[in-house]
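Take a look at the structure below.
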Amino acid sequence: MPELLSVRNLRIEATAYPPGEAPRDVTLVEGVSFDLEKGRVLGLIGESGAGKSTIGLAALAYGRGGVRITGGEVLLNGADILKLGRNGVREIRGSKVCYVAQSAAAAFNPALRLGEQVIEATLQHGIMSRAEAEERAIYLFRVLGLPDPETFGRRFPHQVSGGQLQRAMTAMALCPNPELIVFDEPTTALDVTTQIDVLAAIKHAIEQTKTAALYITHDLAVVAQVSDDIMVLRQGRTVEYGSVRQIIEAPRAEYTRALVNVRKRNREQAAEQSGSLLKVENVSARYPNGLNVLHDISLHVPEGQTLAIVGESGSGKSTLARVITGLLPPSEGHITFAGQPLTPALRNRSKDELRRIQLIHQMADTAMNPRQTVREIIGRPLTFYFGLRGAAKDARIRELLDQIEMGGGFMDRYPAELSGGQKQRVAIARALAAKPELILCDEPTSALDPLVAQGILDLLVRLQEETAVSYVFITHDIDIVRAIADSVAVMHQGRVVRSGPRSKVLSPPFDDYTDLLLKSVPEMEVGWLERVLETRRMESVGH
Amino acid sequence: MNLRQAPLSAWIGMAGVALALICAVFAPWIAPYGEGEIVGDIWLPMGGDYWLGTDNLGRDLLSRMIYGARTTILVSLTATVLSFAIGMFLSFMAVVRGGGVDQALSRLNDLMMAVPTLIFALVVLAVLPQETWILILVMAVLDSTRVFRIGRAVALDVAVMDFVEAARLRGEGKLWIVFREILPNTLSTLLAEFGLRFAFAILFLSTLSFLGLGIQPPTADWGGMVKDNKEGIIFGVSASLIPGAAIALLAICINLVVDWLMKRTSSIKGGRDDA
Amino acid sequence: MIHAPKVSFRPGRKLTQRFPLLWTIVQRLLLSIVLLFAVSIVIFGGVEALPGDFATTYLGQSATPQAIANIRAELGIDRPITTRYFQWLGGVLTGDFGMSWANRNSVTEQIAQRLGNSLFLAFFAAIISVPLAVGLGMVAVLFRNRLPDRIINVASLAAISLPEFFVGYLLIMWFSVQTGIAVFPATVYEGMSFLDRLSAIALPTATLVLVVLAHMMRMTRAAIINVMSSPYIETAELKGLGGLRIIAKHAAPNALAPVINVVALNLAYLIVGVVVVEVVFVYPGMGQYMVDAVSVRDMPVVQACGFIFAAIYIFLNMTADILAIIANPRLRHPR
């Protein structure tokens with residue numbers, strides 16, 4: 001009996017249009033082969049540009065935006081779907097092979113009811129009658145833990161939450177009873193506490209329906225929970241392919257080892273000290289529209305140390321950074337910096353106050369003017385704050401570039417000519433140029449691939465050792481907290497729910513929210529999800 | 001800007017615009033006869049001494065076309081430059097100052113745009129004296145509403161970028177933020193818009209002149225020449241079609257260049273994200 | 001990041017939150033009324049504030065101070081501007097636009113007939129150009145980046161650069177002077193049969209259609225392409241749906257609002273086109289009336305025509321916005 005899905009020597013190309021150059025063909029995927037049996041899950045993992053989504057879509061014989069499958073075979077039950085005509089492919093899509101997109105919010109049609117969209121493919125392919133399909137949809141809504149499964153389908157996409165949409169998308173893929181589902185980063189856009197529920201729902205549904213799946217993600221810890229096998233990809237080629245247990249516990253390739261170990265950093269916590277560089281006392285803030293976003297926040301940052309602020313989207317952690325920078329003056333409370341009260345509003349601050357607190361943005365792409373060279377970007381604060389010009393300025397820029405491990409060769413490059421990690425390094429150099437005492441880091445690594453992010457964290461730690469600068473590090477990632485923080489504040493719905501030295505905050509007894517947050521972060525081990533769910537079940541029985 | 005990669009259509013456009021500009025600049029040297037010089041009978045056919053024939057008063061049509069290029073382009077270009085100056089200044093001010101200033105300027109702009117441009121121009125020109133500088137001013141003010149709208153949208157797009165916030169956090173002044181951070185990132189879009197507005201200004205001026213409210217005779221301008229010779233149409237005289245075609249061709253040429261510029265900017269912005 | 005506020009159905013919520021669709025429409029209606037009012041101030045007050053004087057122009061060389069004062073008193077322009085504005089506004093609200101300075105006739109009477117003629121012309125231009133433009137726009141999308149699309153693109157790029165009067169005279173030259181198929185000038189008069197009327201407006205209608213078509217088609221194409229490139233169309237494709245079903249079921253409901261907007265915007269553009277086309281074809285409509293009034297500075301007529309044109313324009317834009325509001329599922333089905 002043939003495998004359900006068998007990919008042989010896949011080669012995928014696209015035409016690139018670099019600005020100001022002639023278009024050229026680039027190879028996205030080359031020489032990728034794998035097999036998938038009925039009822040099993042294969043995880044495709046890799047950094048951005050690894051070609052994992054492209055391979056996933058090839059299982060539906062689909063190339064996104066000018067992407068072409070130019071070689072190899074994609075055998076579904078022994079027949080090559082790449083050789084099918086338009087109609088043959090159409091018959092397979094949505095009936096035998098289904099797709100779950102990363103952003104369900106964009107992938108659902110805003111003008112149609114969810115139920116109608118969920119059963120559409122099933123009806124169009126003549127797999128079930130309308131009544132049967134509707135019944136199955138309700139069953140799937142229930143299996144996936146959606147609220148009011150009977151009436152859920154009558155809602156429009158904008159009427160339900162992001163986590164629910166992602167589950168509805170899974171229901172849509174499961175409805176026609178397909179043989180294979182391609183999950184394309186289905187939980188990446190979700191918060192950790194939501195992610196775990198969706199992940200559990202997907203895993204449960206796959207087990208219930210015994211369908212096979214390709215699970216695409218950049219997060220090894222996530223894929224370890226749902227897959228049987230894992231293929232590690234890099235730049236369109238296979239790095240390693242094996243069972244989950246082998247990949248996680250005994251990775252062979254060096255790249256895989258780096259991926260597995262990337263989260264296991266643990267910085268030694270600095271000694272507690274009483275001297276505070278920044279003190280936030282009873283600060284509340286509201287948006288111009290009157291919405292209260294921060295309630296009674298009190299924190300302090302010791303000199304030369306790192307305070308991590310952890311929270312999910314909407315917790316107010318970035319708003320707190322805006323309050324400290326003066327972009328959003330607090331409505332109540334006050335902030336002291338180096339023993340002096342800090343001027344609340346940005347426009348009233350002195351040049352020196354501005355210089356002493358610097359900010360590193362989340363997206364290095366947008367944080368640098370695309371029309372300025374690295375020299376101009378780093379040089380501006382030198383001229384602005386210290387009046388440096390000419391050779392003295394160039395020498396200092398070179399020094400800063402050395403500090404961020406890039407070197408003077410990058411002086412005359414534009415941001416577009418730098419990689420994501422290099423851009424973030426330049427942003428760090430720009431902050432350092434001001435010789436600040438405090439740097440606010442607003443999720444500076446969340447948009448980067450894990451290994452690149454690791455490099456940035458290492459750099460930040462080294463710079464702190466060299467310059468004794470303090471950090472306020474905003475993040476949603478507990479692993480980063482372990483890697484960089486001396487003290488921690490957990491934020492939830494605009495309040496600090498827990499704060500103190502890292503060792504205390506991250507050890508029990510926990511408050512409910514911190515407990516939930518900590519338990520929701522996937523760990524790099526097989527069977528973690530089952531264990532968490534089991535604990536939950538026990539707890540709910542215990543109550 | 002990489003000219004070598006310009007497609008054929010853009011080259012045609014640039015050639016056409018260049019030809020018109022040469023006519024405009026060197027009109028007295030190129031034109032075989034004077035602007036108002038009566039050289040023969042009225043509505044003489046094409047060919048012979050007068051390549052394009054003569055007009056309704058017996059003036060050489062080719063010479064008037066060349067002088068007309070000068071007036072039409074000069075007035076349209078001045079109006080467009082002026083409208084950009086007004087529109088850009090106000091839109092950037094609205095974005096940088098924000099709040100009440102932005103609200104007031106935007107609402108005023110909405111009000112101006114609530115009346116079709118031509119109708120607005122007709123109402124205003126009915127009152128004002130017929131002078132060229134007033135005409136230019138009216139065209140510029142009315143068109144600046146469009147410039148304001150696009151300038152505000154583009155500047156707003158850039159102003160919310162993190163690098164502008166970074167500049168504010170550094171303590172940079174408003175002038176630095178406008179001229180060093182925002183403006184360089186809006187130039188390519190605005191250049192394309194300038195072309196579009198220029199083409200529109202030529203059409204608009206010609207329409208006004210055709211209606212008898214634009215450039216006043218005896219000065220030659222293409223729209224006015226259509227009006228002067230329109231009676232000839234029923235006798236099969238094509239004298240009014242020639243300036244009409246010139247307007248159309250110049251506008252087409254400008255649009256070809258603009259089309260290329262717009263495609264260029266959009267291909268830079270729409271960089272493909274790798275999956 | 002996906003982030004949705006909590007769903008709640010508290011009965012105590014404000015009416016505006018419970019019926020967002022209705023409220024948005026009411027807001028839009030109110031805005032239009034405010035806009036219309038503001039436009040009336042601009043057209044009357046703004047114009048009066050500008051320099052230039054009818055009496056001086058009217059009398060020309062023979063203007064003695066006494067004669068000017070006489071004319072001003074006769075036309076009532078010696079009274080303060082606020083008094084005259086409110087008098088004018090009161091008249092407008094009751095359908096009375098005052099008396100023409102040039103021939104001392106009632107403006108309303110003169111306009112009524114001409115407005116009908118203009119709308120007649122614009123109406124036929126619209127019912128021909130709208131389906132044609134939307135259809136061609138869809139053809140262009142269907143053959144995107146292939147030959148038909150390229151031809152349509154180049155042709156429409158050229159067409160949007162053509163001045164109305166050039167198109168008009170070109171058509172006259174071909175169809176009226178050289179072949180004699182159509183009539184010129186496009187005269188219509190009372191008691192004319194409907195068919196005669198139609199044949200009289202054939203050329204002006206064709207001109208308007210050609211002028212509006214290209215714009216409308218290009219914008220329709222852009223609007224549809226925008227919808228077709230959204231992720232939910234990819235979802236539909238990955239469900240294995242047929243091309244027709246994707247367009248009819250998934251693209252059309254979302255393309256409706258932008259296409260309506262395009263259509264309304266271009267109908268509003270017709271208003272401007274009508275002015276020039278009427279002058280070209282010597283067609284007795286509002287546009288020509290206004291242009292004539294402008295050249296003799298007959299202000300009551302100019303103001304009346306300007307106000308009516310602006311009102312139609314505002315009304316069309318409002319209709320488009322309201323239709324787009326109704327087509328928005330977020331407002332139709334609130335949380």
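The chains in the structure tokens are called A, B, ... from first to last as shown; in each chain the residues are counted from 1, and the ligands are counted from 1 in the order shown.
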
Please identify every residue of chain B that has at least one atom no more than 8 Å from any atom of chain C, counting only C-alpha atoms, and report them as a PDB file with N, CA and C atoms, in the first residue's frame.
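Generated file (part.pdb):
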```
ATOM      1  N   LEU B 111     -14.602  70.670   2.635  1.00  0.00           N
ATOM      2  CA  LEU B 111     -15.589  71.627   2.142  1.00  0.00           C
ATOM      3  C   LEU B 111     -15.242  72.065   0.722  1.00  0.00           C
ATOM      4  N   ALA B 114     -16.047  69.468  -1.725  1.00  0.00           N
ATOM      5  CA  ALA B 114     -17.454  69.107  -1.847  1.00  0.00           C
ATOM      6  C   ALA B 114     -18.069  69.733  -3.089  1.00  0.00           C
ATOM      7  N   VAL B 115     -17.374  70.692  -3.686  1.00  0.00           N
ATOM      8  CA  VAL B 115     -17.865  71.306  -4.922  1.00  0.00           C
ATOM      9  C   VAL B 115     -16.925  70.875  -6.046  1.00  0.00           C
ATOM     10  N   PRO B 116     -17.477  70.400  -7.166  1.00  0.00           N
ATOM     11  CA  PRO B 116     -16.596  70.008  -8.270  1.00  0.00           C
ATOM     12  C   PRO B 116     -15.694  71.173  -8.685  1.00  0.00           C
ATOM     13  N   LEU B 118     -14.416  72.338 -11.450  1.00  0.00           N
ATOM     14  CA  LEU B 118     -14.781  73.227 -12.551  1.00  0.00           C
ATOM     15  C   LEU B 118     -15.897  74.179 -12.124  1.00  0.00           C
ATOM     16  N   ILE B 119     -16.875  73.643 -11.398  1.00  0.00           N
ATOM     17  CA  ILE B 119     -17.991  74.482 -10.948  1.00  0.00           C
ATOM     18  C   ILE B 119     -17.478  75.575 -10.013  1.00  0.00           C
ATOM     19  N   PHE B 120     -16.602  75.174  -9.101  1.00  0.00           N
ATOM     20  CA  PHE B 120     -16.005  76.146  -8.178  1.00  0.00           C
ATOM     21  C   PHE B 120     -15.285  77.236  -8.971  1.00  0.00           C
ATOM     22  N   LEU B 122     -15.791  78.182 -12.015  1.00  0.00           N
ATOM     23  CA  LEU B 122     -16.732  79.027 -12.750  1.00  0.00           C
ATOM     24  C   LEU B 122     -17.307  80.094 -11.821  1.00  0.00           C
ATOM     25  N   VAL B 123     -17.707  79.654 -10.616  1.00  0.00           N
ATOM     26  CA  VAL B 123     -18.315  80.596  -9.673  1.00  0.00           C
ATOM     27  C   VAL B 123     -17.315  81.695  -9.324  1.00  0.00           C
ATOM     28  N   VAL B 124     -16.076  81.309  -9.027  1.00  0.00           N
ATOM     29  CA  VAL B 124     -15.084  82.285  -8.590  1.00  0.00           C
ATOM     30  C   VAL B 124     -14.676  83.210  -9.731  1.00  0.00           C
ATOM     31  N   LEU B 125     -14.502  82.621 -10.933  1.00  0.00           N
ATOM     32  CA  LEU B 125     -14.058  83.435 -12.068  1.00  0.00           C
ATOM     33  C   LEU B 125     -15.160  84.389 -12.534  1.00  0.00           C
ATOM     34  N   ALA B 126     -16.405  84.083 -12.159  1.00  0.00           N
ATOM     35  CA  ALA B 126     -17.486  84.989 -12.509  1.00  0.00           C
ATOM     36  C   ALA B 126     -17.328  86.322 -11.799  1.00  0.00           C
ATOM     37  N   VAL B 127     -16.680  86.332 -10.665  1.00  0.00           N
ATOM     38  CA  VAL B 127     -16.543  87.544  -9.876  1.00  0.00           C
ATOM     39  C   VAL B 127     -15.221  88.258 -10.133  1.00  0.00           C
ATOM     40  N   LEU B 128     -14.158  87.442 -10.251  1.00  0.00           N
ATOM     41  CA  LEU B 128     -12.826  88.035 -10.304  1.00  0.00           C
ATOM     42  C   LEU B 128     -12.522  88.638 -11.670  1.00  0.00           C
ATOM     43  N   PRO B 129     -11.653  89.652 -11.681  1.00  0.00           N
ATOM     44  CA  PRO B 129     -11.256  90.230 -12.965  1.00  0.00           C
ATOM     45  C   PRO B 129     -10.490  89.210 -13.813  1.00  0.00           C
ATOM     46  N   ALA B 199      -0.637  67.201 -15.629  1.00  0.00           N
ATOM     47  CA  ALA B 199      -1.502  66.800 -16.743  1.00  0.00           C
ATOM     48  C   ALA B 199      -2.916  67.344 -16.530  1.00  0.00           C
ATOM     49  N   LEU B 203      -5.225  70.115 -18.831  1.00  0.00           N
ATOM     50  CA  LEU B 203      -6.603  69.862 -19.269  1.00  0.00           C
ATOM     51  C   LEU B 203      -7.545  70.914 -18.697  1.00  0.00           C
ATOM     52  N   THR B 207      -9.735  73.633 -20.703  1.00  0.00           N
ATOM     53  CA  THR B 207     -11.185  73.662 -20.582  1.00  0.00           C
ATOM     54  C   THR B 207     -11.672  75.073 -20.270  1.00  0.00           C
ATOM     55  N   LEU B 211     -13.946  77.510 -22.599  1.00  0.00           N
ATOM     56  CA  LEU B 211     -15.203  78.116 -22.173  1.00  0.00           C
ATOM     57  C   LEU B 211     -15.125  79.644 -22.205  1.00  0.00           C
ATOM     58  N   GLY B 212     -13.945  80.188 -22.564  1.00  0.00           N
ATOM     59  CA  GLY B 212     -13.791  81.632 -22.651  1.00  0.00           C
ATOM     60  C   GLY B 212     -13.450  82.277 -21.323  1.00  0.00           C
ATOM     61  N   LEU B 213     -13.057  81.478 -20.342  1.00  0.00           N
ATOM     62  CA  LEU B 213     -12.795  82.029 -19.020  1.00  0.00           C
ATOM     63  C   LEU B 213     -11.333  81.885 -18.630  1.00  0.00           C
ATOM     64  N   ILE B 233     -15.634  73.833 -37.678  1.00  0.00           N
ATOM     65  CA  ILE B 233     -15.942  72.397 -37.703  1.00  0.00           C
ATOM     66  C   ILE B 233     -17.048  72.065 -38.706  1.00  0.00           C
ATOM     67  N   ILE B 234     -18.130  72.839 -38.668  1.00  0.00           N
ATOM     68  CA  ILE B 234     -19.250  72.489 -39.546  1.00  0.00           C
ATOM     69  C   ILE B 234     -18.904  72.610 -41.033  1.00  0.00           C
ATOM     70  N   PHE B 235     -17.851  73.395 -41.314  1.00  0.00           N
ATOM     71  CA  PHE B 235     -17.409  73.460 -42.720  1.00  0.00           C
ATOM     72  C   PHE B 235     -16.320  72.431 -42.988  1.00  0.00           C
ATOM     73  N   GLY B 236     -16.076  71.559 -42.037  1.00  0.00           N
ATOM     74  CA  GLY B 236     -15.054  70.535 -42.226  1.00  0.00           C
ATOM     75  C   GLY B 236     -13.643  71.041 -42.036  1.00  0.00           C
ATOM     76  N   LEU B 241      -9.283  71.056 -34.293  1.00  0.00           N
ATOM     77  CA  LEU B 241      -8.891  69.730 -33.819  1.00  0.00           C
ATOM     78  C   LEU B 241      -7.398  69.662 -33.534  1.00  0.00           C
ATOM     79  N   GLY B 244      -6.581  70.797 -30.084  1.00  0.00           N
ATOM     80  CA  GLY B 244      -7.198  69.778 -29.217  1.00  0.00           C
ATOM     81  C   GLY B 244      -6.321  68.540 -29.141  1.00  0.00           C
ATOM     82  N   ALA B 245      -5.830  68.114 -30.313  1.00  0.00           N
ATOM     83  CA  ALA B 245      -4.970  66.932 -30.343  1.00  0.00           C
ATOM     84  C   ALA B 245      -3.673  67.194 -29.590  1.00  0.00           C
ATOM     85  N   ILE B 247      -3.231  69.107 -27.005  1.00  0.00           N
ATOM     86  CA  ILE B 247      -3.517  68.994 -25.561  1.00  0.00           C
ATOM     87  C   ILE B 247      -3.547  67.522 -25.173  1.00  0.00           C
ATOM     88  N   ALA B 248      -4.306  66.740 -25.974  1.00  0.00           N
ATOM     89  CA  ALA B 248      -4.461  65.316 -25.662  1.00  0.00           C
ATOM     90  C   ALA B 248      -3.106  64.617 -25.662  1.00  0.00           C
ATOM     91  N   LEU B 249      -2.283  64.895 -26.699  1.00  0.00           N
ATOM     92  CA  LEU B 249      -0.997  64.207 -26.803  1.00  0.00           C
ATOM     93  C   LEU B 249      -0.077  64.550 -25.635  1.00  0.00           C
ATOM     94  N   ALA B 251      -0.964  65.513 -22.671  1.00  0.00           N
ATOM     95  CA  ALA B 251      -1.485  64.870 -21.462  1.00  0.00           C
ATOM     96  C   ALA B 251      -1.174  63.376 -21.473  1.00  0.00           C
ATOM     97  N   ILE B 252      -1.310  62.743 -22.637  1.00  0.00           N
ATOM     98  CA  ILE B 252      -0.988  61.316 -22.734  1.00  0.00           C
ATOM     99  C   ILE B 252       0.478  61.080 -22.396  1.00  0.00           C
ATOM    100  N   ASN B 255       1.065  61.322 -18.779  1.00  0.00           N
ATOM    101  CA  ASN B 255       0.507  60.153 -18.093  1.00  0.00           C
ATOM    102  C   ASN B 255       1.357  58.896 -18.287  1.00  0.00           C
ATOM    103  N   LEU B 256       1.979  58.776 -19.470  1.00  0.00           N
ATOM    104  CA  LEU B 256       2.854  57.614 -19.692  1.00  0.00           C
ATOM    105  C   LEU B 256       4.034  57.640 -18.732  1.00  0.00           C
TER     106      LEU B 256
END
```

inquiry  = Quick check: residues of chain A within 8 Å of chain C, only C-alpha atoms, returned as a ChimeraX atom specification.
reply    = /A:60,62,89-95,98-99,105-111,121,124,156,158-162,189-190,313-314

Next, dump the selected residues to file, keeping only N, CA and C atoms, as a PDB file, in the first residue's frame.
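New file result38.pdb:
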```
ATOM      1  N   LEU A  60      -0.895  21.034  -2.004  1.00  0.00           N
ATOM      2  CA  LEU A  60      -2.161  21.325  -2.661  1.00  0.00           C
ATOM      3  C   LEU A  60      -1.920  21.734  -4.110  1.00  0.00           C
ATOM      4  N   TYR A  62      -0.204  24.175  -5.177  1.00  0.00           N
ATOM      5  CA  TYR A  62      -0.477  25.610  -5.250  1.00  0.00           C
ATOM      6  C   TYR A  62       0.808  26.395  -5.026  1.00  0.00           C
ATOM      7  N   VAL A  89      -6.827  19.138  -9.996  1.00  0.00           N
ATOM      8  CA  VAL A  89      -6.320  19.768  -8.781  1.00  0.00           C
ATOM      9  C   VAL A  89      -7.474  20.305  -7.949  1.00  0.00           C
ATOM     10  N   ARG A  90      -8.447  20.907  -8.644  1.00  0.00           N
ATOM     11  CA  ARG A  90      -9.586  21.491  -7.946  1.00  0.00           C
ATOM     12  C   ARG A  90     -10.360  20.423  -7.171  1.00  0.00           C
ATOM     13  N   GLU A  91     -10.416  19.209  -7.757  1.00  0.00           N
ATOM     14  CA  GLU A  91     -11.142  18.142  -7.078  1.00  0.00           C
ATOM     15  C   GLU A  91     -10.457  17.714  -5.788  1.00  0.00           C
ATOM     16  N   ILE A  92      -9.139  17.814  -5.755  1.00  0.00           N
ATOM     17  CA  ILE A  92      -8.399  17.400  -4.564  1.00  0.00           C
ATOM     18  C   ILE A  92      -8.452  18.470  -3.470  1.00  0.00           C
ATOM     19  N   ARG A  93      -8.253  19.723  -3.881  1.00  0.00           N
ATOM     20  CA  ARG A  93      -8.267  20.809  -2.903  1.00  0.00           C
ATOM     21  C   ARG A  93      -9.634  20.908  -2.238  1.00  0.00           C
ATOM     22  N   GLY A  94      -9.613  21.015  -0.934  1.00  0.00           N
ATOM     23  CA  GLY A  94     -10.871  21.203  -0.212  1.00  0.00           C
ATOM     24  C   GLY A  94     -11.651  19.917  -0.027  1.00  0.00           C
ATOM     25  N   SER A  95     -11.184  18.809  -0.598  1.00  0.00           N
ATOM     26  CA  SER A  95     -11.861  17.544  -0.312  1.00  0.00           C
ATOM     27  C   SER A  95     -10.872  16.532   0.277  1.00  0.00           C
ATOM     28  N   CYS A  98      -6.771  19.760   2.743  1.00  0.00           N
ATOM     29  CA  CYS A  98      -7.279  21.059   3.178  1.00  0.00           C
ATOM     30  C   CYS A  98      -6.161  21.873   3.819  1.00  0.00           C
ATOM     31  N   TYR A  99      -6.423  23.184   3.937  1.00  0.00           N
ATOM     32  CA  TYR A  99      -5.374  24.109   4.353  1.00  0.00           C
ATOM     33  C   TYR A  99      -5.863  25.004   5.491  1.00  0.00           C
ATOM     34  N   ALA A 105      -8.034  35.449  10.607  1.00  0.00           N
ATOM     35  CA  ALA A 105      -8.773  36.710  10.509  1.00  0.00           C
ATOM     36  C   ALA A 105      -8.799  37.211   9.070  1.00  0.00           C
ATOM     37  N   ALA A 106      -7.704  37.004   8.342  1.00  0.00           N
ATOM     38  CA  ALA A 106      -7.666  37.457   6.954  1.00  0.00           C
ATOM     39  C   ALA A 106      -8.195  36.386   6.010  1.00  0.00           C
ATOM     40  N   ALA A 107      -8.103  35.121   6.423  1.00  0.00           N
ATOM     41  CA  ALA A 107      -8.428  34.031   5.504  1.00  0.00           C
ATOM     42  C   ALA A 107      -9.921  33.745   5.426  1.00  0.00           C
ATOM     43  N   PHE A 108     -10.703  34.252   6.379  1.00  0.00           N
ATOM     44  CA  PHE A 108     -12.151  34.116   6.272  1.00  0.00           C
ATOM     45  C   PHE A 108     -12.718  35.293   5.505  1.00  0.00           C
ATOM     46  N   ASN A 109     -13.716  35.024   4.683  1.00  0.00           N
ATOM     47  CA  ASN A 109     -14.372  36.088   3.935  1.00  0.00           C
ATOM     48  C   ASN A 109     -15.238  36.913   4.886  1.00  0.00           C
ATOM     49  N   PRO A 110     -14.958  38.234   4.999  1.00  0.00           N
ATOM     50  CA  PRO A 110     -15.674  39.037   5.985  1.00  0.00           C
ATOM     51  C   PRO A 110     -17.167  39.169   5.685  1.00  0.00           C
ATOM     52  N   ALA A 111     -17.578  38.878   4.461  1.00  0.00           N
ATOM     53  CA  ALA A 111     -18.967  39.124   4.084  1.00  0.00           C
ATOM     54  C   ALA A 111     -19.862  37.903   4.276  1.00  0.00           C
ATOM     55  N   ALA A 121     -16.843  23.894   1.098  1.00  0.00           N
ATOM     56  CA  ALA A 121     -16.069  22.945   0.286  1.00  0.00           C
ATOM     57  C   ALA A 121     -16.744  21.571   0.294  1.00  0.00           C
ATOM     58  N   GLN A 124     -19.657  21.765  -2.073  1.00  0.00           N
ATOM     59  CA  GLN A 124     -19.269  21.957  -3.466  1.00  0.00           C
ATOM     60  C   GLN A 124     -18.648  20.701  -4.067  1.00  0.00           C
ATOM     61  N   PHE A 156     -20.594  36.102  12.021  1.00  0.00           N
ATOM     62  CA  PHE A 156     -19.670  36.569  10.995  1.00  0.00           C
ATOM     63  C   PHE A 156     -18.254  36.593  11.579  1.00  0.00           C
ATOM     64  N   HIS A 158     -16.044  38.792  11.987  1.00  0.00           N
ATOM     65  CA  HIS A 158     -15.658  39.895  12.876  1.00  0.00           C
ATOM     66  C   HIS A 158     -16.332  39.790  14.242  1.00  0.00           C
ATOM     67  N   GLN A 159     -17.254  38.832  14.389  1.00  0.00           N
ATOM     68  CA  GLN A 159     -17.980  38.742  15.656  1.00  0.00           C
ATOM     69  C   GLN A 159     -17.349  37.774  16.653  1.00  0.00           C
ATOM     70  N   VAL A 160     -16.255  37.112  16.263  1.00  0.00           N
ATOM     71  CA  VAL A 160     -15.630  36.172  17.199  1.00  0.00           C
ATOM     72  C   VAL A 160     -14.153  36.526  17.388  1.00  0.00           C
ATOM     73  N   SER A 161     -13.531  35.957  18.420  1.00  0.00           N
ATOM     74  CA  SER A 161     -12.156  36.333  18.753  1.00  0.00           C
ATOM     75  C   SER A 161     -11.151  35.608  17.852  1.00  0.00           C
ATOM     76  N   GLY A 162      -9.894  36.033  17.935  1.00  0.00           N
ATOM     77  CA  GLY A 162      -8.852  35.469  17.089  1.00  0.00           C
ATOM     78  C   GLY A 162      -8.633  33.985  17.321  1.00  0.00           C
ATOM     79  N   ALA A 189       0.060  33.715  15.425  1.00  0.00           N
ATOM     80  CA  ALA A 189      -0.469  35.054  15.658  1.00  0.00           C
ATOM     81  C   ALA A 189      -1.188  35.161  17.009  1.00  0.00           C
ATOM     82  N   LEU A 190      -1.207  34.085  17.764  1.00  0.00           N
ATOM     83  CA  LEU A 190      -1.991  34.103  19.003  1.00  0.00           C
ATOM     84  C   LEU A 190      -1.098  34.323  20.226  1.00  0.00           C
ATOM     85  N   SER A 313      -0.412  40.512  24.509  1.00  0.00           N
ATOM     86  CA  SER A 313      -0.859  41.704  23.802  1.00  0.00           C
ATOM     87  C   SER A 313      -2.028  42.310  24.573  1.00  0.00           C
ATOM     88  N   GLY A 314      -2.026  43.632  24.668  1.00  0.00           N
ATOM     89  CA  GLY A 314      -3.096  44.304  25.388  1.00  0.00           C
ATOM     90  C   GLY A 314      -2.860  44.383  26.883  1.00  0.00           C
TER      91      GLY A 314
END
```

request  = List every residue of range 382-521 of chain A that DSSP, applied to the backbone of this structure, places in alpha helix (DSSP H), and write the result as a PyMOL selection string.
outcome  = chain A and resi 382-386+390-403+420-433+450-467+478-484+502-505+512-520

Return as a tab-separated table the residues of range 84-202 of chain B lying at most 12 Å from range 436-453 of chain A, together with the closest atom-to-atom pair for each and the distance in Å to one decimal, counting only C-alpha atoms, with rows in chain order and ascending residue number.
```
residue	atom	partner	partner_atom	distance
B:Asp162	CA	A:Asp442	CA	11.7
B:Leu169	CA	A:Leu440	CA	11.9
B:Arg170	CA	A:Pro436	CA	11.5
```

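Those residues of chain A that fall within 7 Å of chain B when using only C-alpha atoms read Pro19, Gly20, Ser48, Gly49, Gly51, Ser53, Thr54, Lys351, Leu354, Arg355, Thr366, Ala367, Met368, Asn369 and Arg371 of chain A.
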
Preceding selection exported with C-alpha atoms as a CSV table (one decimal), in the first residue's frame:
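Listed below is the output, selection.csv:
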```
chain,number,residue,atom,x,y,z
A,19,PRO,CA,14.5,47.1,-7.0
A,20,GLY,CA,16.7,48.6,-9.5
A,48,SER,CA,11.8,32.6,7.7
A,49,GLY,CA,12.9,31.8,4.2
A,51,GLY,CA,10.5,27.4,2.4
A,53,SER,CA,5.0,27.2,3.8
A,54,THR,CA,6.0,26.9,0.1
A,351,LYS,CA,18.2,67.3,25.8
A,354,LEU,CA,16.3,62.6,26.5
A,355,ARG,CA,19.8,61.4,26.0
A,366,THR,CA,10.6,50.7,10.5
A,367,ALA,CA,12.8,52.1,13.2
A,368,MET,CA,15.4,53.4,10.7
A,369,ASN,CA,14.9,55.9,8.0
A,371,ARG,CA,16.8,56.9,3.0
```
